[in-house]
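Coordinates from coords.cif are shown below (mmCIF, C-alpha atoms).
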data_structure
#
loop_
_atom_site.label_atom_id
_atom_site.label_comp_id
_atom_site.auth_asym_id
_atom_site.auth_seq_id
_atom_site.Cartn_x
_atom_site.Cartn_y
_atom_site.Cartn_z
CA MET A 1 45.05 71.27 64.18
CA LEU A 2 46.68 67.90 63.52
CA ASN A 3 45.33 64.85 65.36
CA ALA A 4 48.47 62.80 64.68
CA LEU A 5 51.71 63.06 62.75
CA PRO A 6 51.22 64.77 59.38
CA THR A 7 50.63 62.81 56.19
CA PRO A 8 50.38 63.77 52.52
CA ALA A 9 46.61 63.73 52.99
CA GLN A 10 46.80 65.95 56.07
CA PRO A 11 50.07 67.89 55.74
CA LEU A 12 51.66 70.10 58.34
CA ARG A 13 51.29 73.65 57.03
CA ILE A 14 54.43 75.78 57.44
CA GLY A 15 53.88 79.54 57.28
CA THR A 16 56.65 81.79 56.00
CA ARG A 17 57.44 85.00 54.19
CA GLY A 18 58.07 84.64 50.49
CA SER A 19 61.64 85.89 50.13
CA PRO A 20 64.28 83.39 48.95
CA LEU A 21 65.89 83.43 52.41
CA ALA A 22 62.59 82.91 54.23
CA LEU A 23 61.78 80.00 51.94
CA ALA A 24 65.22 78.48 52.54
CA GLN A 25 64.55 78.64 56.28
CA ALA A 26 61.12 77.05 55.84
CA TYR A 27 62.61 74.24 53.75
CA GLU A 28 65.30 73.66 56.40
CA THR A 29 62.56 73.35 59.02
CA ARG A 30 60.61 70.92 56.81
CA ASP A 31 63.70 68.83 56.13
CA ARG A 32 64.62 68.56 59.82
CA LEU A 33 61.10 67.51 60.77
CA ALA A 34 60.89 65.06 57.88
CA GLN A 35 64.19 63.45 58.88
CA ALA A 36 63.35 63.36 62.59
CA PHE A 37 60.05 61.55 62.01
CA ALA A 38 60.88 59.63 58.80
CA LEU A 39 58.17 61.50 56.90
CA PRO A 40 58.06 62.30 53.18
CA HIS A 41 58.29 65.91 52.05
CA GLU A 42 54.71 65.55 50.84
CA ALA A 43 53.63 65.47 54.49
CA PHE A 44 54.48 69.18 54.67
CA GLN A 45 53.05 72.17 52.85
CA ILE A 46 54.81 75.53 52.58
CA GLU A 47 52.35 78.44 52.85
CA VAL A 48 53.71 81.80 51.68
CA ILE A 49 52.12 84.72 53.50
CA LYS A 50 52.53 88.32 52.38
CA VAL A 51 53.64 90.59 55.20
CA THR A 52 53.58 94.37 55.37
CA GLY A 53 57.34 94.61 55.84
CA ASP A 54 57.92 93.02 52.45
CA MET A 55 55.24 95.01 50.65
CA VAL A 56 56.49 98.45 51.78
CA GLN A 57 60.01 98.99 50.44
CA ASP A 58 60.31 102.77 50.21
CA LYS A 59 60.30 103.60 53.93
CA ALA A 60 62.36 102.67 56.98
CA LEU A 61 60.73 100.07 59.23
CA ARG A 62 60.85 102.42 62.21
CA GLU A 63 58.63 104.82 60.27
CA ILE A 64 55.87 102.28 59.58
CA GLY A 65 55.71 100.05 62.63
CA GLY A 66 58.92 98.17 63.42
CA LYS A 67 59.66 94.47 63.69
CA GLY A 68 56.05 93.29 63.84
CA LEU A 69 55.71 94.17 60.17
CA PHE A 70 57.51 90.92 59.30
CA THR A 71 55.45 88.72 61.62
CA ARG A 72 51.92 90.05 62.18
CA GLU A 73 50.16 88.49 59.20
CA ILE A 74 51.92 85.16 59.75
CA GLU A 75 50.92 85.11 63.41
CA ASP A 76 47.32 85.95 62.45
CA ALA A 77 47.33 82.91 60.16
CA LEU A 78 48.69 80.76 63.00
CA LEU A 79 46.00 82.00 65.38
CA ASP A 80 43.14 81.41 62.93
CA GLY A 81 44.36 77.91 62.06
CA SER A 82 45.38 78.62 58.46
CA ILE A 83 48.87 77.28 59.24
CA ASP A 84 50.28 74.93 61.89
CA ILE A 85 53.70 76.48 62.54
CA ALA A 86 55.45 79.71 61.58
CA VAL A 87 59.13 79.99 60.67
CA HIS A 88 60.87 83.26 61.51
CA SER A 89 64.26 84.93 61.39
CA MET A 90 64.71 85.57 65.08
CA LYS A 91 66.33 88.96 64.65
CA ASP A 92 63.00 90.12 63.15
CA MET A 93 60.93 88.88 66.10
CA PRO A 94 59.41 91.17 68.73
CA VAL A 95 60.25 90.03 72.26
CA GLU A 96 56.59 89.36 73.07
CA GLN A 97 54.27 86.96 71.24
CA PRO A 98 50.49 87.34 70.89
CA ALA A 99 48.35 85.54 73.48
CA GLY A 100 47.93 81.90 72.50
CA LEU A 101 51.25 81.58 70.66
CA LEU A 102 54.60 80.23 71.87
CA LEU A 103 58.10 80.51 70.48
CA ASP A 104 60.10 77.72 72.09
CA CYS A 105 61.87 75.93 69.23
CA TYR A 106 65.11 77.13 67.63
CA LEU A 107 67.20 75.48 64.95
CA PRO A 108 71.01 75.33 65.28
CA ARG A 109 72.37 78.84 64.89
CA GLU A 110 74.27 79.88 61.78
CA ASP A 111 77.20 82.32 61.47
CA VAL A 112 76.30 85.38 63.58
CA ARG A 113 78.61 87.84 61.82
CA ASP A 114 77.77 90.74 59.55
CA ALA A 115 79.15 90.73 56.03
CA PHE A 116 80.50 93.96 54.54
CA VAL A 117 79.62 93.85 50.85
CA SER A 118 81.40 96.00 48.28
CA LEU A 119 81.81 95.52 44.55
CA HIS A 120 85.18 97.27 44.96
CA GLY A 121 86.52 94.64 47.34
CA TRP A 122 86.91 97.15 50.17
CA THR A 123 87.04 96.30 53.84
CA LEU A 124 85.21 98.66 56.14
CA ALA A 125 88.51 100.33 57.03
CA ASP A 126 89.43 100.77 53.35
CA VAL A 127 86.33 102.69 52.25
CA PRO A 128 87.38 106.16 51.06
CA ALA A 129 85.95 109.08 53.03
CA GLY A 130 82.67 110.43 51.71
CA LYS A 131 81.50 107.17 50.18
CA VAL A 132 77.90 106.03 50.62
CA ILE A 133 76.97 103.01 52.75
CA GLY A 134 73.46 101.59 52.41
CA THR A 135 71.64 99.92 55.29
CA SER A 136 68.10 99.67 56.64
CA SER A 137 69.35 98.69 60.10
CA LEU A 138 69.45 101.42 62.73
CA ARG A 139 71.96 99.28 64.64
CA ARG A 140 74.33 99.05 61.66
CA ARG A 141 73.82 102.73 60.85
CA ALA A 142 74.81 103.78 64.38
CA GLN A 143 77.78 101.38 64.49
CA ILE A 144 79.10 102.65 61.15
CA LEU A 145 78.76 106.29 62.14
CA ALA A 146 80.50 105.53 65.44
CA ARG A 147 83.43 103.90 63.63
CA ARG A 148 83.51 105.87 60.39
CA PRO A 149 81.81 109.27 60.84
CA ASP A 150 83.40 110.34 57.53
CA LEU A 151 80.99 108.09 55.60
CA THR A 152 77.43 108.81 54.46
CA VAL A 153 74.74 106.30 55.39
CA VAL A 154 71.52 105.99 53.37
CA GLU A 155 68.34 103.89 53.73
CA PHE A 156 68.77 100.62 51.83
CA ARG A 157 65.97 98.05 52.17
CA GLY A 158 65.22 94.82 50.36
CA ASN A 159 66.19 91.16 50.32
CA VAL A 160 69.65 89.91 49.37
CA GLN A 161 68.95 90.01 45.65
CA THR A 162 67.46 93.51 45.79
CA ARG A 163 70.35 94.96 47.75
CA LEU A 164 72.96 93.49 45.40
CA LYS A 165 71.04 94.95 42.45
CA LYS A 166 71.06 98.37 44.15
CA LEU A 167 74.85 98.13 44.52
CA ASP A 168 75.13 97.37 40.82
CA GLU A 169 73.02 100.43 40.08
CA GLY A 170 75.23 102.68 42.21
CA VAL A 171 72.61 103.53 44.83
CA ALA A 172 75.38 102.96 47.40
CA ASP A 173 79.05 102.04 47.34
CA ALA A 174 78.74 99.25 49.91
CA THR A 175 76.22 97.59 52.19
CA PHE A 176 75.83 94.94 54.88
CA LEU A 177 74.21 91.52 54.81
CA ALA A 178 74.09 88.77 57.41
CA MET A 179 76.56 85.94 56.88
CA ALA A 180 73.84 83.52 58.01
CA GLY A 181 71.52 84.50 55.18
CA LEU A 182 74.24 84.31 52.57
CA ASN A 183 75.28 80.88 53.83
CA ARG A 184 71.70 79.57 53.80
CA LEU A 185 71.27 80.85 50.25
CA GLN A 186 74.67 79.39 49.27
CA ARG A 187 75.71 82.75 47.85
CA ASP A 188 79.45 82.15 47.60
CA ASP A 189 79.55 84.63 44.72
CA VAL A 190 78.88 87.72 46.86
CA PRO A 191 81.99 89.93 47.26
CA LEU A 192 82.19 90.26 51.02
CA LYS A 193 84.43 90.70 54.00
CA ALA A 194 83.12 89.03 57.16
CA LEU A 195 83.23 91.37 60.14
CA GLU A 196 84.37 89.68 63.32
CA VAL A 197 82.11 90.31 66.30
CA GLU A 198 84.89 92.31 67.93
CA GLN A 199 84.64 94.74 64.98
CA MET A 200 80.85 94.90 64.88
CA LEU A 201 78.62 93.22 67.42
CA PRO A 202 75.66 91.65 65.60
CA ALA A 203 71.94 92.12 66.10
CA VAL A 204 70.31 90.20 68.91
CA ALA A 205 69.44 86.67 67.70
CA GLN A 206 71.17 87.16 64.33
CA GLY A 207 71.65 83.86 62.51
CA ALA A 208 68.89 82.03 64.44
CA ILE A 209 65.66 80.50 63.10
CA GLY A 210 62.68 80.31 65.44
CA ILE A 211 59.54 78.20 65.00
CA GLU A 212 56.33 79.54 66.52
CA ARG A 213 53.29 77.39 67.39
CA ARG A 214 49.90 77.54 69.04
CA ALA A 215 50.25 77.02 72.78
CA ASP A 216 47.51 74.36 72.91
CA ASP A 217 48.76 72.21 70.02
CA ARG A 218 50.32 69.21 71.77
CA ILE A 219 51.12 67.28 68.58
CA ILE A 220 53.17 70.20 67.24
CA GLU A 221 54.74 70.77 70.65
CA GLY A 222 56.05 67.20 70.67
CA MET A 223 57.34 67.40 67.11
CA LEU A 224 59.18 70.67 67.60
CA ALA A 225 60.77 69.48 70.85
CA VAL A 226 62.65 66.84 68.84
CA ILE A 227 64.35 69.36 66.52
CA HIS A 228 64.90 72.12 69.10
CA ASP A 229 68.56 73.10 69.58
CA GLY A 230 69.15 73.61 73.30
CA PRO A 231 72.37 75.68 73.12
CA THR A 232 70.76 78.13 70.70
CA GLY A 233 67.81 78.42 73.07
CA VAL A 234 70.10 79.26 75.99
CA ARG A 235 71.95 81.90 73.98
CA LEU A 236 68.74 83.51 72.79
CA ALA A 237 67.32 83.51 76.30
CA ALA A 238 70.15 85.84 77.33
CA GLU A 239 70.03 88.00 74.22
CA ARG A 240 66.26 88.42 74.09
CA ALA A 241 66.06 89.19 77.82
CA PHE A 242 68.66 91.88 77.18
CA LEU A 243 66.59 93.23 74.30
CA ALA A 244 63.37 93.11 76.30
CA GLY A 245 64.95 95.00 79.18
CA LEU A 246 65.88 97.80 76.81
CA ASP A 247 62.43 97.87 75.15
CA GLY A 248 64.27 96.85 72.00
CA SER A 249 62.68 97.57 68.65
CA CYS A 250 63.58 98.96 65.24
CA HIS A 251 63.62 102.37 66.94
CA THR A 252 66.65 101.58 69.10
CA PRO A 253 70.22 100.69 68.04
CA ILE A 254 71.06 97.63 70.13
CA ALA A 255 73.57 94.84 69.55
CA GLY A 256 74.05 91.70 71.59
CA LEU A 257 75.69 88.29 71.43
CA ALA A 258 75.73 85.40 73.89
CA GLU A 259 78.18 82.51 73.69
CA ILE A 260 78.31 79.31 75.73
CA ILE A 261 81.67 78.41 77.27
CA GLY A 262 81.41 75.13 79.16
CA ASP A 263 78.65 75.61 81.74
CA GLN A 264 79.05 79.39 81.55
CA ILE A 265 77.54 81.99 79.27
CA ARG A 266 79.23 85.15 78.07
CA LEU A 267 76.99 88.03 77.01
CA ARG A 268 78.26 91.10 75.20
CA GLY A 269 75.94 94.04 74.68
CA GLU A 270 76.09 97.45 73.08
CA VAL A 271 73.67 100.38 72.93
CA LEU A 272 74.33 103.40 70.75
CA ARG A 273 72.94 106.82 70.08
CA PRO A 274 71.19 106.71 66.70
CA ASP A 275 73.72 109.15 65.23
CA GLY A 276 76.66 107.04 66.41
CA SER A 277 78.00 109.80 68.64
CA GLU A 278 78.14 107.57 71.71
CA ALA A 279 78.24 103.83 72.40
CA ILE A 280 77.97 102.04 75.74
CA CYS A 281 79.17 98.45 75.98
CA ASP A 282 79.23 95.69 78.59
CA ASP A 283 80.53 92.13 78.90
CA MET A 284 79.11 89.75 81.51
CA ARG A 285 79.64 86.09 82.37
CA GLY A 286 77.66 83.73 84.55
CA ALA A 287 76.08 80.30 84.78
CA ALA A 288 74.32 79.25 81.58
CA VAL A 289 71.22 78.29 83.58
CA ASP A 290 70.94 81.97 84.53
CA ALA A 291 71.04 83.18 80.92
CA ALA A 292 67.81 85.19 81.03
CA GLN A 293 68.69 86.81 84.36
CA ILE A 294 72.10 87.83 82.99
CA GLY A 295 70.47 89.44 79.97
CA ALA A 296 67.98 91.33 82.13
CA GLU A 297 70.75 92.50 84.48
CA MET A 298 72.87 93.81 81.60
CA ALA A 299 69.85 95.68 80.24
CA ARG A 300 69.26 97.35 83.61
CA LYS A 301 72.91 98.31 83.84
CA LEU A 302 73.16 99.80 80.34
CA ARG A 303 69.81 101.56 80.66
CA GLY A 304 71.10 103.24 83.80
CA LEU A 305 74.36 104.25 82.15
CA ALA A 306 72.61 105.56 79.05
CA GLY A 307 70.16 107.75 80.90
CA GLU A 308 66.96 109.37 79.71
CA GLY A 309 66.80 110.37 76.06
CA PHE A 310 69.80 108.30 74.97
CA PHE A 311 67.87 106.62 72.15
CA THR A 312 66.06 109.73 70.98
CA LEU A 313 66.27 110.15 67.23
CA GLY A 314 67.87 113.40 66.27
#
What is this structure when it is put down as structure tokens?
Amino acid sequence: MLNALPTPAQPLRIGTRGSPLALAQAYETRDRLAQAFALPHEAFQIEVIKVTGDMVQDKALREIGGKGLFTREIEDALLDGSIDIAVHSMKDMPVEQPAGLLLDCYLPREDVRDAFVSLHGWTLADVPAGKVIGTSSLRRRAQILARRPDLTVVEFRGNVQTRLKKLDEGVADATFLAMAGLNRLQRDDVPLKALEVEQMLPAVAQGAIGIERRADDRIIEGMLAVIHDGPTGVRLAAERAFLAGLDGSCHTPIAGLAEIIGDQIRLRGEVLRPDGSEAICDDMRGAAVDAAQIGAEMARKLRGLAGEGFFTLG
């Protein structure tokens, strides 16, 4: 634990996964902290931690444990003092943190949209019937099957570079990536069509970076408060309350997006059967200060409409 602001002799240790995107997010966090406190980059140390989700590539996440597979080892390192903060993609984060850890700092949110990626230059509507779409996301799988039941969807895991390589190899005809990740990696070369949120509602917290800390570390608490983006925090309060109310995990196809309009917040949510045969949507508005309550209320409403067994995998 730091006793004062970090220095090159006692750097702040930033824990992250080792993918190019995860590293880009860790460097963004370092740069924002360095600028905020006029510190040199040498006052920070990036610690790459191997996580189960990255090591197992031949199975769907829902088959081997869900979202915690991208966070568990990093959180263990935070708890045992091996690192000082942990940088996460918020769409990968379970809604509950281990005892002793807090997630209360978010960086400004990037583009929330999904990108439809095809080497043929297709839009989603243009894809010929029978073609193969690759995705590891149960949410995207269900949304595609709901919109284009004439397509075949196959499991398609890996980071940005791996998925593009799989397209080149013909494993699938098209896939999806997050616009936020492509923007952070500056991948202007990827052949994509951005899907507006009206076409495909994104994953809860898509495009947001969260920074986790130990609850009793007051030095880190003060540092992170300076770079925290309030509007992103309000939006995620609504979205993650919605997810929590639905027991959201990699086993359930759920989409959600909150937007701030003046002093109001608009929350759109969608739950789908895993096979895409049914989708239930809602759209609520209320005071931004009530963001979490709005998310919880939408979850209760959609859970009631969905009924028992709605999310059962068939």
The PyMOL selection byres ((chain A and resi 242) around 10) applied to the shown file, residues as a VMD selection string = chain A and resid 95 204 236 to 241 243 to 248 254 to 257 267 to 269 291 to 300 302
request  = Would you mind telling me which residue in A:Ala34, A:Ala174, A:Leu107, A:Ala99 lies nearest to Gly121 of chain A when using all atoms listed in the file?
outcome  = A:Ala174
Taking the file as I've supplied it (selection: the PyMOL selection byres ((chain A and resi 216) around 10)), which residues are included? Please answer as a compact mmCIF listing (two decimals) with C-alpha atoms, in the frame of the given file.
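Heads up, here's the output in part09.txt:
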# COMPACT_ATOMS: atom_id res chain seq x y z
CA MET A 1 45.05 71.27 64.18
CA GLY A 100 47.93 81.90 72.50
CA LEU A 101 51.25 81.58 70.66
CA LEU A 102 54.60 80.23 71.87
CA ARG A 213 53.29 77.39 67.39
CA ARG A 214 49.90 77.54 69.04
CA ALA A 215 50.25 77.02 72.78
CA ASP A 217 48.76 72.21 70.02
CA ARG A 218 50.32 69.21 71.77
CA ILE A 219 51.12 67.28 68.58
CA ILE A 220 53.17 70.20 67.24
CA GLU A 221 54.74 70.77 70.65
inquiry  = List the spatial neighbours of His228 of chain A as a ChimeraX atom specification - criterion: any atom at most 12 Å away, all atoms listed in the file, same-chain residues fewer than 5 positions off excluded.
reply    = /A:29,32-33,36,103-109,208-212,221-223,233-234
Listed atoms of segment 282-301 of chain A boxed along x, y and z, 3 Å each side, centre and edge lengths in Å, one decimal, as AutoDock Vina command-line options:
--center_x 74.2 --center_y 88.3 --center_z 81.7 --size_x 18.7 --size_y 26.0 --size_z 12.2
message = Evaluate the PyMOL selection byres ((chain A and resi 92) around 8) against this structure - the residues, as a PyMOL selection string, please.
response = chain A and resi 67-68+70-71+88-91+93-94
Output for the residues just chosen: C-alpha atoms as a PDB file, keeping the file's coordinate frame:
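That gives us selection.pdb:
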ATOM      1  CA  LYS A  67      59.660  94.470  63.690  1.00  0.00           C
ATOM      2  CA  GLY A  68      56.050  93.290  63.840  1.00  0.00           C
ATOM      3  CA  PHE A  70      57.510  90.920  59.300  1.00  0.00           C
ATOM      4  CA  THR A  71      55.450  88.720  61.620  1.00  0.00           C
ATOM      5  CA  HIS A  88      60.870  83.260  61.510  1.00  0.00           C
ATOM      6  CA  SER A  89      64.260  84.930  61.390  1.00  0.00           C
ATOM      7  CA  MET A  90      64.710  85.570  65.080  1.00  0.00           C
ATOM      8  CA  LYS A  91      66.330  88.960  64.650  1.00  0.00           C
ATOM      9  CA  MET A  93      60.930  88.880  66.100  1.00  0.00           C
ATOM     10  CA  PRO A  94      59.410  91.170  68.730  1.00  0.00           C
TER      11      PRO A  94
END
key: Within 12 Å of Arg13 of chain A using only C-alpha atoms, minus same-chain residues under 4 positions, as an NGL selection string   = :A and (1-2 or 6-9 or 26-27 or 29-30 or 41-49 or 74 or 77-78 or 81-87 or 213 or 220)
task = Excluding segment 176-192 of chain A and residues on its chain fewer than 5 positions from it, collect all residues at most 6 Å away from it, counting all atoms listed in the file, and give them as a PyMOL selection string.
result = chain A and resi 110-111+113-117+207
key: Given only C-alpha atoms as the counted atoms, nearest of A:Leu39, A:Val153, A:Ala146, A:Leu12 to Ile133 of chain A   = A:Val153
note = Among A:Leu305, A:Ala288, A:Val51, A:Leu119, Leu164 of chain A is approached most closely, using all atoms listed in the file, by A:Leu119
